[in-house]
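Here's structure-v6.txt, which has compact mmCIF, C-alpha atoms:
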# COMPACT_ATOMS: atom_id res chain seq x y z
CA ASN A 1 -50.29 -9.41 -9.47
CA ALA A 2 -46.56 -8.89 -9.01
CA GLY A 3 -45.85 -12.47 -10.13
CA VAL A 4 -42.47 -13.74 -8.91
CA THR A 5 -40.24 -11.17 -7.28
CA GLN A 6 -36.59 -11.52 -6.33
CA THR A 7 -34.37 -9.31 -4.23
CA PRO A 8 -31.75 -8.07 -4.53
CA LYS A 9 -31.15 -7.62 -8.27
CA PHE A 10 -27.39 -7.43 -7.81
CA GLN A 11 -25.10 -8.45 -4.97
CA VAL A 12 -21.36 -8.56 -4.42
CA LEU A 13 -20.02 -10.71 -1.60
CA LYS A 14 -16.62 -11.55 -0.25
CA THR A 15 -15.58 -15.17 0.10
CA GLY A 16 -16.93 -16.61 3.33
CA GLN A 17 -19.79 -14.18 3.74
CA SER A 18 -23.33 -15.43 4.04
CA MET A 19 -26.48 -14.00 2.55
CA THR A 20 -30.07 -14.78 1.66
CA LEU A 21 -31.62 -14.32 -1.74
CA GLN A 22 -35.29 -13.56 -1.39
CA CYS A 23 -38.05 -14.95 -3.59
CA ALA A 24 -41.76 -14.34 -3.27
CA GLN A 25 -44.81 -15.10 -5.41
CA ASP A 26 -48.38 -13.93 -5.11
CA MET A 27 -50.04 -16.53 -7.32
CA ASN A 28 -50.63 -19.10 -4.56
CA HIS A 29 -48.37 -21.55 -6.36
CA GLU A 30 -47.38 -24.67 -4.48
CA TYR A 31 -44.26 -25.44 -6.50
CA MET A 32 -41.23 -23.17 -6.19
CA SER A 33 -37.66 -23.66 -7.24
CA TRP A 34 -34.23 -22.07 -7.50
CA TYR A 35 -31.94 -22.30 -10.50
CA ARG A 36 -28.51 -20.97 -11.22
CA GLN A 37 -27.42 -19.93 -14.69
CA ASP A 38 -23.79 -20.03 -15.70
CA PRO A 39 -22.38 -19.33 -19.17
CA GLY A 40 -22.70 -22.36 -21.40
CA MET A 41 -24.38 -24.42 -18.68
CA GLY A 42 -28.05 -23.56 -19.08
CA LEU A 43 -30.18 -23.46 -15.95
CA ARG A 44 -29.42 -25.96 -13.22
CA LEU A 45 -31.82 -26.77 -10.42
CA ILE A 46 -30.52 -26.03 -6.91
CA HIS A 47 -33.47 -26.76 -4.62
CA TYR A 48 -37.20 -27.01 -4.99
CA SER A 49 -40.31 -27.12 -2.85
CA VAL A 50 -43.71 -28.68 -3.52
CA GLY A 51 -45.43 -26.84 -0.69
CA ALA A 52 -44.95 -25.13 2.64
CA GLY A 53 -42.68 -27.19 4.88
CA ILE A 54 -41.44 -29.42 2.04
CA THR A 55 -38.12 -28.93 0.29
CA ASP A 56 -35.75 -31.15 -1.63
CA GLN A 57 -32.45 -31.01 -3.44
CA GLY A 58 -31.95 -30.48 -7.12
CA GLU A 59 -28.91 -31.05 -9.28
CA VAL A 60 -26.47 -28.63 -7.58
CA PRO A 61 -27.50 -28.18 -3.91
CA ASN A 62 -24.10 -27.99 -2.22
CA GLY A 63 -23.45 -24.70 -0.45
CA TYR A 64 -27.09 -23.66 -0.43
CA ASN A 65 -29.94 -24.00 2.05
CA VAL A 66 -33.64 -23.37 1.60
CA SER A 67 -36.75 -23.33 3.72
CA ARG A 68 -40.42 -22.88 2.92
CA SER A 69 -42.36 -21.63 5.91
CA THR A 70 -45.12 -20.03 3.84
CA THR A 71 -46.63 -20.67 0.41
CA GLU A 72 -45.47 -17.25 -0.78
CA ASP A 73 -41.78 -17.21 0.17
CA PHE A 74 -38.84 -19.41 -0.74
CA PRO A 75 -35.52 -17.88 0.35
CA LEU A 76 -32.16 -19.28 -0.76
CA ARG A 77 -29.31 -19.06 1.73
CA LEU A 78 -25.64 -19.10 0.91
CA LEU A 79 -23.92 -20.25 4.07
CA SER A 80 -20.32 -19.36 3.22
CA ALA A 81 -20.01 -17.81 -0.22
CA ALA A 82 -17.37 -19.09 -2.63
CA PRO A 83 -16.24 -17.67 -5.98
CA SER A 84 -17.77 -20.75 -7.64
CA GLN A 85 -21.16 -19.44 -6.58
CA THR A 86 -20.81 -16.40 -8.80
CA SER A 87 -23.83 -16.79 -11.04
CA VAL A 88 -27.26 -15.51 -11.96
CA TYR A 89 -29.95 -16.98 -9.76
CA PHE A 90 -33.53 -17.44 -10.85
CA CYS A 91 -36.49 -18.30 -8.71
CA ALA A 92 -39.56 -19.87 -10.32
CA SER A 93 -43.01 -20.97 -9.30
CA SER A 94 -45.83 -22.97 -10.84
CA TYR A 95 -49.29 -24.27 -10.19
CA GLY A 96 -49.53 -27.70 -8.60
CA ARG A 97 -46.85 -29.82 -7.05
CA GLN A 98 -45.04 -30.83 -10.20
CA ALA A 99 -42.45 -29.17 -12.38
CA TYR A 100 -44.31 -30.01 -15.57
CA ASN A 101 -46.65 -27.03 -15.39
CA GLU A 102 -45.62 -23.69 -16.83
CA GLN A 103 -42.92 -22.17 -14.68
CA PHE A 104 -43.09 -18.45 -13.95
CA PHE A 105 -39.64 -16.99 -13.42
CA GLY A 106 -38.48 -14.03 -11.40
CA PRO A 107 -36.18 -11.40 -12.93
CA GLY A 108 -33.04 -12.95 -11.48
CA THR A 109 -30.32 -11.97 -9.01
CA ARG A 110 -26.79 -11.46 -10.30
CA LEU A 111 -24.35 -12.52 -7.59
CA THR A 112 -20.61 -11.96 -7.65
CA VAL A 113 -18.37 -13.54 -5.03
CA LEU A 114 -14.89 -12.07 -4.79
CA ALA B 1 -32.64 -39.90 -15.83
CA GLN B 2 -33.91 -37.05 -17.91
CA LYS B 3 -31.59 -35.16 -20.20
CA VAL B 4 -31.89 -32.42 -22.81
CA THR B 5 -29.31 -31.74 -25.49
CA GLN B 6 -29.15 -28.58 -27.55
CA ALA B 7 -26.20 -29.23 -29.80
CA GLN B 8 -26.18 -25.79 -31.41
CA THR B 9 -24.38 -23.42 -29.07
CA GLU B 10 -24.71 -20.35 -31.27
CA ILE B 11 -26.49 -19.57 -34.53
CA SER B 12 -26.21 -16.41 -36.56
CA VAL B 13 -28.62 -15.56 -39.38
CA VAL B 14 -29.60 -12.57 -41.46
CA GLU B 15 -33.01 -11.07 -40.98
CA LYS B 16 -35.83 -12.80 -42.87
CA GLU B 17 -34.01 -16.13 -42.94
CA ASP B 18 -35.72 -19.17 -41.47
CA VAL B 19 -33.89 -20.84 -38.60
CA THR B 20 -34.39 -24.12 -36.75
CA LEU B 21 -33.19 -24.73 -33.21
CA ASP B 22 -32.66 -28.37 -32.37
CA CYS B 23 -33.61 -30.11 -29.14
CA VAL B 24 -33.04 -33.79 -28.38
CA TYR B 25 -34.22 -35.31 -25.13
CA GLU B 26 -33.81 -38.51 -23.14
CA THR B 27 -36.32 -39.97 -20.72
CA ARG B 28 -37.53 -43.35 -19.52
CA ASP B 29 -41.04 -42.13 -18.81
CA THR B 30 -43.80 -42.62 -21.34
CA THR B 31 -45.50 -39.45 -20.16
CA TYR B 32 -43.48 -36.26 -20.12
CA TYR B 33 -43.63 -32.59 -20.98
CA LEU B 34 -41.40 -30.50 -23.19
CA PHE B 35 -40.91 -26.76 -23.05
CA TRP B 36 -39.22 -23.92 -24.86
CA TYR B 37 -38.21 -20.72 -23.10
CA LYS B 38 -36.73 -17.54 -24.55
CA GLN B 39 -34.20 -15.37 -22.76
CA PRO B 40 -33.74 -12.03 -24.53
CA PRO B 41 -30.71 -9.82 -23.83
CA SER B 42 -32.63 -8.17 -20.99
CA GLY B 43 -32.31 -11.45 -19.09
CA GLU B 44 -35.82 -12.52 -18.20
CA LEU B 45 -37.11 -15.97 -19.06
CA VAL B 46 -40.17 -16.05 -21.27
CA PHE B 47 -42.33 -19.15 -21.65
CA LEU B 48 -43.01 -20.08 -25.28
CA ILE B 49 -44.64 -23.50 -25.35
CA ARG B 50 -45.42 -26.65 -23.39
CA ARG B 51 -46.25 -29.97 -25.05
CA ASN B 52 -47.06 -33.34 -23.57
CA SER B 53 -45.76 -36.60 -24.95
CA PHE B 54 -49.17 -37.73 -26.19
CA ASP B 55 -49.63 -34.77 -28.48
CA GLU B 56 -47.38 -35.10 -31.52
CA GLN B 57 -49.16 -32.54 -33.62
CA ASN B 58 -46.97 -29.74 -34.83
CA GLU B 59 -47.72 -26.38 -33.28
CA ILE B 60 -47.69 -23.05 -35.07
CA SER B 61 -47.92 -19.65 -33.43
CA GLY B 62 -47.33 -16.80 -35.83
CA ARG B 63 -43.76 -17.06 -37.09
CA TYR B 64 -42.95 -19.77 -34.54
CA SER B 65 -43.49 -23.47 -35.10
CA TRP B 66 -42.54 -26.58 -33.22
CA ASN B 67 -41.94 -30.07 -34.56
CA PHE B 68 -42.29 -32.88 -32.03
CA GLN B 69 -41.08 -36.32 -33.15
CA LYS B 70 -41.11 -39.10 -30.57
CA SER B 71 -39.37 -41.47 -32.99
CA THR B 72 -36.24 -39.33 -32.87
CA SER B 73 -36.82 -37.87 -29.37
CA SER B 74 -36.69 -34.37 -30.78
CA PHE B 75 -38.66 -31.19 -30.23
CA ASN B 76 -37.31 -28.66 -32.70
CA PHE B 77 -38.23 -25.00 -32.89
CA THR B 78 -38.39 -23.06 -36.15
CA ILE B 79 -38.59 -19.32 -36.57
CA THR B 80 -39.82 -18.28 -39.99
CA ALA B 81 -38.71 -14.96 -41.46
CA SER B 82 -36.54 -14.15 -38.46
CA GLN B 83 -36.39 -10.64 -37.06
CA VAL B 84 -33.79 -8.80 -35.00
CA VAL B 85 -36.13 -9.02 -31.99
CA ASP B 86 -35.78 -12.81 -32.13
CA SER B 87 -32.17 -12.48 -30.98
CA ALA B 88 -32.05 -14.32 -27.67
CA VAL B 89 -30.94 -17.48 -25.95
CA TYR B 90 -33.49 -20.25 -26.36
CA PHE B 91 -33.80 -23.09 -23.90
CA CYS B 92 -35.48 -26.44 -24.34
CA ALA B 93 -36.57 -28.23 -21.15
CA LEU B 94 -38.10 -31.52 -20.06
CA SER B 95 -40.12 -32.70 -17.07
CA GLU B 96 -41.25 -36.25 -16.54
CA ALA B 97 -44.79 -36.90 -15.35
CA GLN B 98 -43.87 -39.86 -13.18
CA GLY B 99 -40.33 -40.48 -11.98
CA GLY B 100 -38.97 -36.97 -12.29
CA SER B 101 -42.12 -34.91 -12.07
CA GLU B 102 -40.65 -32.57 -9.48
CA LYS B 103 -37.76 -31.47 -11.65
CA LEU B 104 -37.50 -29.44 -14.82
CA VAL B 105 -34.28 -30.15 -16.70
CA PHE B 106 -32.95 -27.58 -19.14
CA GLY B 107 -30.65 -27.88 -22.09
CA LYS B 108 -27.65 -25.60 -22.24
CA GLY B 109 -29.35 -23.22 -24.61
CA THR B 110 -28.82 -21.93 -28.13
CA LYS B 111 -27.86 -18.32 -28.63
CA LEU B 112 -29.54 -16.93 -31.73
CA THR B 113 -28.31 -13.72 -33.28
CA VAL B 114 -30.38 -12.19 -36.05
CA ASN B 115 -28.46 -9.57 -37.97
CA PRO B 116 -30.18 -6.78 -39.89
Starting from the coordinates I provided, produce the structure as structure tokens.
Amino acid sequence: NAGVTQTPKFQVLKTGQSMTLQCAQDMNHEYMSWYRQDPGMGLRLIHYSVGAGITDQGEVPNGYNVSRSTTEDFPLRLLSAAPSQTSVYFCASSYGRQAYNEQFFGPGTRLTVL
Amino acid sequence: AQKVTQAQTEISVVEKEDVTLDCVYETRDTTYYLFWYKQPPSGELVFLIRRNSFDEQNEISGRYSWNFQKSTSSFNFTITASQVVDSAVYFCALSEAQGGSEKLVFGKGTKLTVNP
């Protein structure tokens, strides 16, 4: 089992560029989510999904899009990158359709927007 | 709305000292779940514990112990005889079982430094 994988590990973008952060899990988890981690802010929920075809917004969704076409994959799209999106991004997954089960986290993607 | 407060931003101790990390939460649900995660300097997030609101028994796992008190809405984490390897950022988190069951809300974290 690879668990939760994220690519890339590091990325540098210029303002206005778009990109997709990839997240995949091989545990057949229904629940998947994206968080961003900023210094002194903890982890803040961006978007989440409770199953294929179902997504919803978290606390800080602006500037990000998600889709869930398969159980395994949950990509996060930055439509037009801004310096405020410089952060470390974590993808997580868990059993069931709720967030109150143990979350398994990916290794993170460190994104810098210039 | 669910909220988690970790008032201690940074703590520094000397090895072998005991240290307690505080976590205070807010929720309107009667059923909810509390978590602690560890983030060592390498950056990954490591699950430590999950407790539900109906289980107020203290939990002990080796040098780690957790004190859950519904009366004060707190779920504190104590490391006994701290070691350098305990240096990390520790996050407390909350998920409601009813109204906010699809969201896990984190505190801002406490950075623990254990000096040799």
What are the residues of chain B lining chain A at 6 Å or less? Count all atoms listed in the file, and put the answer as JSON, numbers by chain.
{"B": [44, 95, 101, 102, 103, 104, 106, 107, 108, 109]}
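Atom CA of A:Glu30 sits 25.2 Å away from atom CA of B:Val4.
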What's the 8 Å shell around stretch 20-35 of chain B, counting all atoms listed in the file, without same-chain residues fewer than 6 positions away, as an mmCIF file with C-alpha atoms, keeping the file's coordinate frame?
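Saved as part23.cif:
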data_model
loop_
_atom_site.group_PDB
_atom_site.id
_atom_site.type_symbol
_atom_site.label_atom_id
_atom_site.label_comp_id
_atom_site.auth_asym_id
_atom_site.auth_seq_id
_atom_site.Cartn_x
_atom_site.Cartn_y
_atom_site.Cartn_z
ATOM 1 C CA TYR A 100 -44.310 -30.010 -15.570
ATOM 2 C CA ALA B 1 -32.640 -39.900 -15.830
ATOM 3 C CA GLN B 2 -33.910 -37.050 -17.910
ATOM 4 C CA LYS B 3 -31.590 -35.160 -20.200
ATOM 5 C CA VAL B 4 -31.890 -32.420 -22.810
ATOM 6 C CA THR B 5 -29.310 -31.740 -25.490
ATOM 7 C CA GLN B 6 -29.150 -28.580 -27.550
ATOM 8 C CA ALA B 7 -26.200 -29.230 -29.800
ATOM 9 C CA GLN B 8 -26.180 -25.790 -31.410
ATOM 10 C CA PHE B 47 -42.330 -19.150 -21.650
ATOM 11 C CA LEU B 48 -43.010 -20.080 -25.280
ATOM 12 C CA ILE B 49 -44.640 -23.500 -25.350
ATOM 13 C CA ARG B 50 -45.420 -26.650 -23.390
ATOM 14 C CA ARG B 51 -46.250 -29.970 -25.050
ATOM 15 C CA ASN B 52 -47.060 -33.340 -23.570
ATOM 16 C CA SER B 53 -45.760 -36.600 -24.950
ATOM 17 C CA PHE B 54 -49.170 -37.730 -26.190
ATOM 18 C CA THR B 72 -36.240 -39.330 -32.870
ATOM 19 C CA SER B 73 -36.820 -37.870 -29.370
ATOM 20 C CA SER B 74 -36.690 -34.370 -30.780
ATOM 21 C CA PHE B 75 -38.660 -31.190 -30.230
ATOM 22 C CA ASN B 76 -37.310 -28.660 -32.700
ATOM 23 C CA PHE B 77 -38.230 -25.000 -32.890
ATOM 24 C CA THR B 78 -38.390 -23.060 -36.150
ATOM 25 C CA ILE B 79 -38.590 -19.320 -36.570
ATOM 26 C CA CYS B 92 -35.480 -26.440 -24.340
ATOM 27 C CA ALA B 93 -36.570 -28.230 -21.150
ATOM 28 C CA LEU B 94 -38.100 -31.520 -20.060
ATOM 29 C CA SER B 95 -40.120 -32.700 -17.070
ATOM 30 C CA GLU B 96 -41.250 -36.250 -16.540
ATOM 31 C CA ALA B 97 -44.790 -36.900 -15.350
ATOM 32 C CA GLN B 98 -43.870 -39.860 -13.180
ATOM 33 C CA GLY B 99 -40.330 -40.480 -11.980
ATOM 34 C CA GLY B 107 -30.650 -27.880 -22.090
ATOM 35 C CA THR B 110 -28.820 -21.930 -28.130
#
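Take atom CA of A:Tyr35 and atom CA of A:Gln17: the distance between them is 20.4 Å.
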Non-local contacts of A:Thr86 (10 Å; all atoms listed in the file; under 5 positions in same chain excluded) as a ChimeraX atom specification
/A:11-13,36-38,81,110-114
Take the residues that were just selected and, keeping C-alpha atoms, output them as a CSV table (one decimal), keeping the file's coordinate frame.
chain,number,residue,atom,x,y,z
A,11,GLN,CA,-25.1,-8.4,-5.0
A,12,VAL,CA,-21.4,-8.6,-4.4
A,13,LEU,CA,-20.0,-10.7,-1.6
A,36,ARG,CA,-28.5,-21.0,-11.2
A,37,GLN,CA,-27.4,-19.9,-14.7
A,38,ASP,CA,-23.8,-20.0,-15.7
A,81,ALA,CA,-20.0,-17.8,-0.2
A,110,ARG,CA,-26.8,-11.5,-10.3
A,111,LEU,CA,-24.4,-12.5,-7.6
A,112,THR,CA,-20.6,-12.0,-7.6
A,113,VAL,CA,-18.4,-13.5,-5.0
A,114,LEU,CA,-14.9,-12.1,-4.8
Hey, can you check how far atom CA of B:Trp36 sits from atom CA of B:Val89?
10.5 Å
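Comparing the minimum interatomic distances between A:Cys23 and each of A:Thr55, A:Glu72, A:Leu78, A:Asn65, counting only C-alpha atoms, we find that A:Glu72 sits nearest.
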Protein, DNA and RNA residues within 10 Å of (-53.3, -7.1, -5.9), only C-alpha atoms, as a PyMOL selection string
chain A and resi 1-2+26
Contacts of A:Asn28 within 10 Å, only C-alpha atoms, excl. fewer than 3 positions in-chain, as a ChimeraX atom specification
/A:3,25,31,71-72,93-96
Sphere at (-31.6, -21.4, -43.5), radius 12 Å, counting all atoms listed in the file: residues as a ChimeraX atom specification
/B:11-21,78-82,114
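Closest approach to A:Ser18 among A:Ser84, A:Cys91, A:Tyr64, A:Thr109 is made by A:Tyr64 (distances from all atoms listed in the file).
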Reconstructed stretch 50-84 of chain A, atom set N, CA and C atoms, as a compact mmCIF listing (two decimals), in the coordinates of the input:
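Okay, this is what ended up in selection.txt:
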# COMPACT_ATOMS: atom_id res chain seq x y z
N VAL A 50 -42.38 -28.37 -2.99
CA VAL A 50 -43.71 -28.68 -3.52
C VAL A 50 -44.80 -28.19 -2.58
N GLY A 51 -44.44 -27.42 -1.59
CA GLY A 51 -45.43 -26.84 -0.69
C GLY A 51 -44.76 -26.38 0.59
N ALA A 52 -45.49 -25.64 1.38
CA ALA A 52 -44.95 -25.13 2.64
C ALA A 52 -44.48 -26.30 3.51
N GLY A 53 -43.26 -26.17 4.01
CA GLY A 53 -42.68 -27.19 4.88
C GLY A 53 -42.00 -28.33 4.17
N ILE A 54 -42.02 -28.32 2.82
CA ILE A 54 -41.44 -29.42 2.04
C ILE A 54 -40.41 -28.88 1.07
N THR A 55 -39.17 -29.33 1.22
CA THR A 55 -38.12 -28.93 0.29
C THR A 55 -37.29 -30.15 -0.08
N ASP A 56 -36.61 -30.05 -1.21
CA ASP A 56 -35.75 -31.15 -1.63
C ASP A 56 -34.64 -30.60 -2.51
N GLN A 57 -33.63 -31.44 -2.69
CA GLN A 57 -32.45 -31.01 -3.44
C GLN A 57 -32.64 -31.22 -4.93
N GLY A 58 -32.00 -30.32 -5.68
CA GLY A 58 -31.95 -30.48 -7.12
C GLY A 58 -30.60 -31.03 -7.55
N GLU A 59 -30.14 -30.54 -8.68
CA GLU A 59 -28.91 -31.05 -9.28
C GLU A 59 -27.64 -30.52 -8.60
N VAL A 60 -27.67 -29.26 -8.14
CA VAL A 60 -26.47 -28.63 -7.58
C VAL A 60 -26.76 -27.98 -6.23
N PRO A 61 -27.08 -28.76 -5.20
CA PRO A 61 -27.50 -28.18 -3.91
C PRO A 61 -26.39 -27.76 -2.96
N ASN A 62 -25.16 -28.21 -3.20
CA ASN A 62 -24.10 -27.99 -2.22
C ASN A 62 -23.79 -26.51 -2.05
N GLY A 63 -23.75 -26.09 -0.77
CA GLY A 63 -23.45 -24.70 -0.45
C GLY A 63 -24.67 -23.83 -0.31
N TYR A 64 -25.84 -24.42 -0.50
CA TYR A 64 -27.09 -23.66 -0.43
C TYR A 64 -28.09 -24.34 0.53
N ASN A 65 -28.85 -23.50 1.23
CA ASN A 65 -29.94 -24.00 2.05
C ASN A 65 -31.22 -23.30 1.66
N VAL A 66 -32.34 -24.00 1.84
CA VAL A 66 -33.64 -23.37 1.60
C VAL A 66 -34.58 -23.76 2.71
N SER A 67 -35.65 -23.00 2.82
CA SER A 67 -36.75 -23.33 3.72
C SER A 67 -38.02 -22.80 3.08
N ARG A 68 -39.13 -23.34 3.48
CA ARG A 68 -40.42 -22.88 2.92
C ARG A 68 -41.43 -22.85 4.08
N SER A 69 -41.46 -21.75 4.77
CA SER A 69 -42.36 -21.63 5.91
C SER A 69 -43.75 -21.14 5.49
N THR A 70 -43.83 -20.49 4.35
CA THR A 70 -45.12 -20.03 3.84
C THR A 70 -45.24 -20.42 2.37
N THR A 71 -46.43 -20.39 1.84
CA THR A 71 -46.63 -20.67 0.41
C THR A 71 -45.94 -19.61 -0.44
N GLU A 72 -45.92 -18.37 0.04
CA GLU A 72 -45.47 -17.25 -0.78
C GLU A 72 -43.95 -17.14 -0.91
N ASP A 73 -43.21 -17.52 0.12
CA ASP A 73 -41.78 -17.21 0.17
C ASP A 73 -40.89 -18.44 0.10
N PHE A 74 -39.77 -18.29 -0.60
CA PHE A 74 -38.84 -19.41 -0.74
C PHE A 74 -37.42 -18.84 -0.80
N PRO A 75 -36.86 -18.49 0.32
CA PRO A 75 -35.52 -17.88 0.35
C PRO A 75 -34.41 -18.90 0.12
N LEU A 76 -33.35 -18.45 -0.50
CA LEU A 76 -32.16 -19.28 -0.76
C LEU A 76 -31.00 -18.70 0.04
N ARG A 77 -30.40 -19.53 0.88
CA ARG A 77 -29.31 -19.06 1.73
C ARG A 77 -27.98 -19.61 1.25
N LEU A 78 -27.02 -18.70 1.15
CA LEU A 78 -25.64 -19.10 0.91
C LEU A 78 -24.93 -19.05 2.27
N LEU A 79 -24.44 -20.16 2.72
CA LEU A 79 -23.92 -20.25 4.07
C LEU A 79 -22.53 -19.63 4.20
N SER A 80 -21.68 -19.89 3.22
CA SER A 80 -20.32 -19.36 3.22
C SER A 80 -19.93 -19.21 1.75
N ALA A 81 -20.13 -18.02 1.22
CA ALA A 81 -20.01 -17.81 -0.22
C ALA A 81 -18.62 -18.15 -0.74
N ALA A 82 -18.61 -18.74 -1.95
CA ALA A 82 -17.37 -19.09 -2.63
C ALA A 82 -17.41 -18.51 -4.04
N PRO A 83 -16.25 -18.22 -4.61
CA PRO A 83 -16.24 -17.67 -5.98
C PRO A 83 -16.99 -18.54 -6.98
N SER A 84 -17.05 -19.85 -6.74
CA SER A 84 -17.77 -20.75 -7.64
C SER A 84 -19.28 -20.51 -7.61
